[in-house]
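S.K.: A single structure is presented below for examination.
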Amino acid sequence: MTTLDAERLLYTPQHDGIERGASVPSQLVVIVDDRITNLKILERLATSLDGAIAATFAEARAALAAASREPPDLAIIDVKMPELEGGEFIRRLRAQPLCADVPVVVIASYEDRELLHRALDAGAADYLLSPVDHREFRARVGNLLALRRYRRAQRPGSEPGWRGQVEDGGRRQHDPLHQGHERLRRVIDAIPVMICATDRDGRYVFVNNHYASFLGIRPSRLVGKRPIEVDEDVFSRRLMERDARLLAGETLPTSFEEEIVDSDGNVRVLLTTKAAFRGGSGEEGMVVTASLDITARKAAEHDLLAAKESAEIANRSKTEFLANMSHELRTPLNAIIGFSQVMAGEMLGPIATQKYVGYARDIVASAEHLLGIINDILDVSKLEAGKLDLVEESIDVPKAIADLLQLVEAKARAGDIRVVLRGDRNAPRLRADVRKFKQILLNLVTNAIKFSPPGSEVEIAVTSDQGAISIAVVDHGIGMDAREIELAVTRFGQVASAWSRRHAGTGLGLPLAIGLTELHGGVLRVQSTKGVGTTVTVTFPRERSEVLTGALALDERAPRSA
């Protein structure tokens with residue numbers, strides 16, 4: 001095979017590299033992806049290649065049926081299709097008589113490596129990582145389409161557009177074939193990919209400028225030589241060994257990453273793709289190799305992993321610090337609370353100045369408030385560290401909530417808020433941690449009272465849906481929009497408003513309620529409308545419900561007010 005043939009074989013169609021007058025046969029590309037956005041992007045990329053037309057399918061089986069009617073020149077499929085994964089798609093496509101040699105490109109993410117390996121074993125010609133790099137897509141898919149077009153051009157009855165035209169008098173004045181080859185050489189040299197082709201003897205039949213530049217030798221001095229004749233290094237030996245095994249019919253991964261050392265002694269990472277043409281019917285076998293330098297991308301991946309590990313270490317350190325700090329603060333606070341309670345209660349005798357009694361009560365209230373904040377921080381730290389355990393027991397939900405309302409009765413009365421509990425007579429008992437269950441609801445009810453206007457009502461509704469217990473806390477307060485909800489559910493996040501600034505808080509109540517709910521395997525949902533109110537619903541999994549042994553303690557027709 002001549003160098004000119006190799007250049008034609010390696011033709012990579014690009015919009016910017018082809019004159020519009022060139023005649024390029026149309027080629028059908030079948031694209032399969034169940035995500036509509038991805039499907040449109042891949043269609044746009046495929047049709048940007050000269051001569052390519054695309055047929056898109058959201059279902060793999062529909063694509064196979066269409067391929068049986070009109071065999072495509074190339075297929076592109078998401079390796080993780082719901083009803084048919086990439087490897088099985090390739091096997092079924094190849095089983096069709098006219099599609100046995102159709103190249104298939106699979107698209108996969110890093111998490112889908114097992115599916116990707118199965119697709120490569122099934123005969124995938126190449127793969128692209130998601131999200132797809134546009135330049136990489138055009139280079140790889142364009143190469144495969146050009147190789148497909150070349151093989152068809154060698155068959156009898158191929159397109160006449162490849163043949164030269166002879167002017168009057170028998171003298172060839174314009175040779176489109178020669179002109180096309182010159183254009184192809186320039187296009188291939190402009191592609192930022194190392195491209196070479198070796199024949200059955202392992203000799204170079206073509207190299208582009210990027211490949212020659214990597215070796216530090218002019219292209220004309222490489223053609224006709226074996227790689228080990230140019231440089232006896234690991235890269236050359238590996239190239240010859242793989243090419244020989246592919247031409248011998250062995251099944252090897254056609255795409256892989258490899259580390260090499262360039263002519264300057266720098267370590268580079270290449271993403272290499274190989275396509276073997278074993279010959280037959282007078283054709284000469286050859287292996288085409290395209291290597292994309294992904295050194296910068298791999299370095300960015302390593303930096304990202306290092307940053308992720310550093311962030312995780314910092315997060316663990318923060319969690320440990322908060323836990324240790326909370327324990328250290330609780331010890332002196334317990335002493336402050338204990339002694340101030342003794343003074344406020346005048347347990348050791350009357351205090352001469354009564355103002356001191358009031359001061360002692362203020363100290364108790366402030367210290368208890370601070371202790372509550374510290375306890376919340378400690379619980380959040382334990383949740384993050386996965387060290388918060390459940391002490392489960394059977395709970396009569398309406399009774400537990402009724403007991404809880406006594407803790408908020410004074411706060412509700414001070415704000416002129418009416419708190420109403422309505423229960424489901426058929427609700428079962430709940431298997432949960434009583435203290436954490438009450439803490440969830442206390443945080444939600446306290447928030448509802450805090451952000452409700454005087455004279456309004458806060459409702460607590462207990463329902464049972466097919467055995468799963470749900471508790472909704474409904475207020476008619478200031479409400480939130482979508483952005484404010486997102487902020488409110490983050491730890492230490494507080495929605496800034498004139499109303500909220502009038503009330504103290506750390507921004508831990510709602511996030512802590514979410515964490516404690518999830519610790520029980522439940523789900524907490526927030527629905528809110530600005531200026532209308534907020535509904536927070538806690539739903540426990542069905543397996544935490546127990547068989548109802550008696551009527552609820554609270555009749556839904558006789559609500560209790562705080």
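Going through the structure tokens in order, the chains are called A, B, and so on, while each chain numbers its residues from 1 and the ligands are numbered from 1 in the order shown.
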Looking only at the backbone, which of the residues in segment 428-460 of chain A does DSSP tag as alpha helix (DSSP H), as a compact mmCIF listing (two decimals) with C-alpha atoms, in the first residue's frame?

M.R.:
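Contents of part.txt, freshly written:
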```
# COMPACT_ATOMS: atom_id res chain seq x y z
CA VAL A 434 -38.66 9.21 71.08
CA ARG A 435 -36.19 11.99 71.89
CA LYS A 436 -35.20 12.50 68.27
CA PHE A 437 -38.84 12.24 67.13
CA LYS A 438 -39.80 15.02 69.52
CA GLN A 439 -36.76 17.05 68.49
CA ILE A 440 -37.85 16.89 64.84
CA LEU A 441 -41.33 18.16 65.61
CA LEU A 442 -40.17 20.69 68.21
CA ASN A 443 -37.88 22.31 65.63
CA LEU A 444 -40.66 22.42 63.02
CA VAL A 445 -43.39 23.72 65.37
CA THR A 446 -41.05 26.33 66.88
CA ASN A 447 -40.21 27.61 63.39
CA ALA A 448 -43.90 27.71 62.46
CA ILE A 449 -44.77 29.74 65.57
CA LYS A 450 -41.76 32.04 65.07
```

S.K.: Determine which residues of segment 293-440 of chain A receive a DSSP assignment of strand (DSSP E), computed from the backbone, and state them as a list in words.

M.R.: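 Residues meeting the strand (DSSP E) criterion: Asp293, Glu392, Glu393, Ser394, Ile395, Arg418, Val419, Val420, Leu421, Arg422, Leu430, Arg431, Ala432 and Asp433 of chain A.
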
S.K.: I need the residue nearest Leu329 of chain A from this list: A:Ile36, A:Leu120, A:Ile374, A:Ala306. Use only C-alpha atoms for the distance.

M.R.: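 Of all the options, A:Ile374 lies closest to Leu329 of chain A.
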
S.K.: Would you compute the distance between atom CA of Glu43 of chain A and atom CA of Phe57 of chain A? Give it in Å to one decimal.

M.R.: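 Rounded to one decimal, the two atoms are 10.3 Å apart.
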
S.K.: Just checking: using only C-alpha atoms, which residue out of A:Asp121, A:Asp379, A:Asp475, A:Asp73 ends up closest to Ala461 of chain A?

M.R.: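 Among the listed residues, A:Asp475 lies closest to Ala461 of chain A.
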
S.K.: Which distance in Å separates atom CA of Ala335 of chain A and atom CA of Arg361 of chain A, to one decimal?

M.R.: 14.3 Å

S.K.: May I have a table of the residues of segment 243-316 of chain A lying at most 10 Å from segment 203-219 of chain A, giving each one's closest pair of atoms and their distance in Å to one decimal, counting only C-alpha atoms, ordered by chain and ascending residue number, as JSON lines?

M.R.:
```
{"residue": "A:Val261", "atom": "CA", "partner": "A:Phe214", "partner_atom": "CA", "distance": 9.8}
{"residue": "A:Asp262", "atom": "CA", "partner": "A:Phe214", "partner_atom": "CA", "distance": 6.5}
{"residue": "A:Ser263", "atom": "CA", "partner": "A:Leu215", "partner_atom": "CA", "distance": 6.2}
{"residue": "A:Asp264", "atom": "CA", "partner": "A:Phe214", "partner_atom": "CA", "distance": 9.2}
{"residue": "A:Met286", "atom": "CA", "partner": "A:Val205", "partner_atom": "CA", "distance": 8.8}
{"residue": "A:Val287", "atom": "CA", "partner": "A:Tyr204", "partner_atom": "CA", "distance": 9.7}
{"residue": "A:Val288", "atom": "CA", "partner": "A:Phe206", "partner_atom": "CA", "distance": 9.0}
{"residue": "A:Thr289", "atom": "CA", "partner": "A:Val207", "partner_atom": "CA", "distance": 9.6}
{"residue": "A:Ala290", "atom": "CA", "partner": "A:Tyr211", "partner_atom": "CA", "distance": 9.1}
{"residue": "A:Ser291", "atom": "CA", "partner": "A:Tyr211", "partner_atom": "CA", "distance": 8.6}
```

S.K.: Please, what distance in Å, to one decimal, runs between atom CA of Gly180 of chain A and atom CA of Glu136 of chain A?

M.R.: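 So the answer is 23.5 Å.
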
S.K.: Neighbours of segment 235-251 of chain A within 8 Å (only C-alpha atoms; same-chain residues fewer than 5 positions away dropped), as a list in words?

M.R.: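 The contact residues come out as Asp121, Thr198, Arg200, Gly202, Pro227, Ile228, Ile260, Ala276, Phe277, Arg278, Gly285, Met286 and Val287 of chain A.
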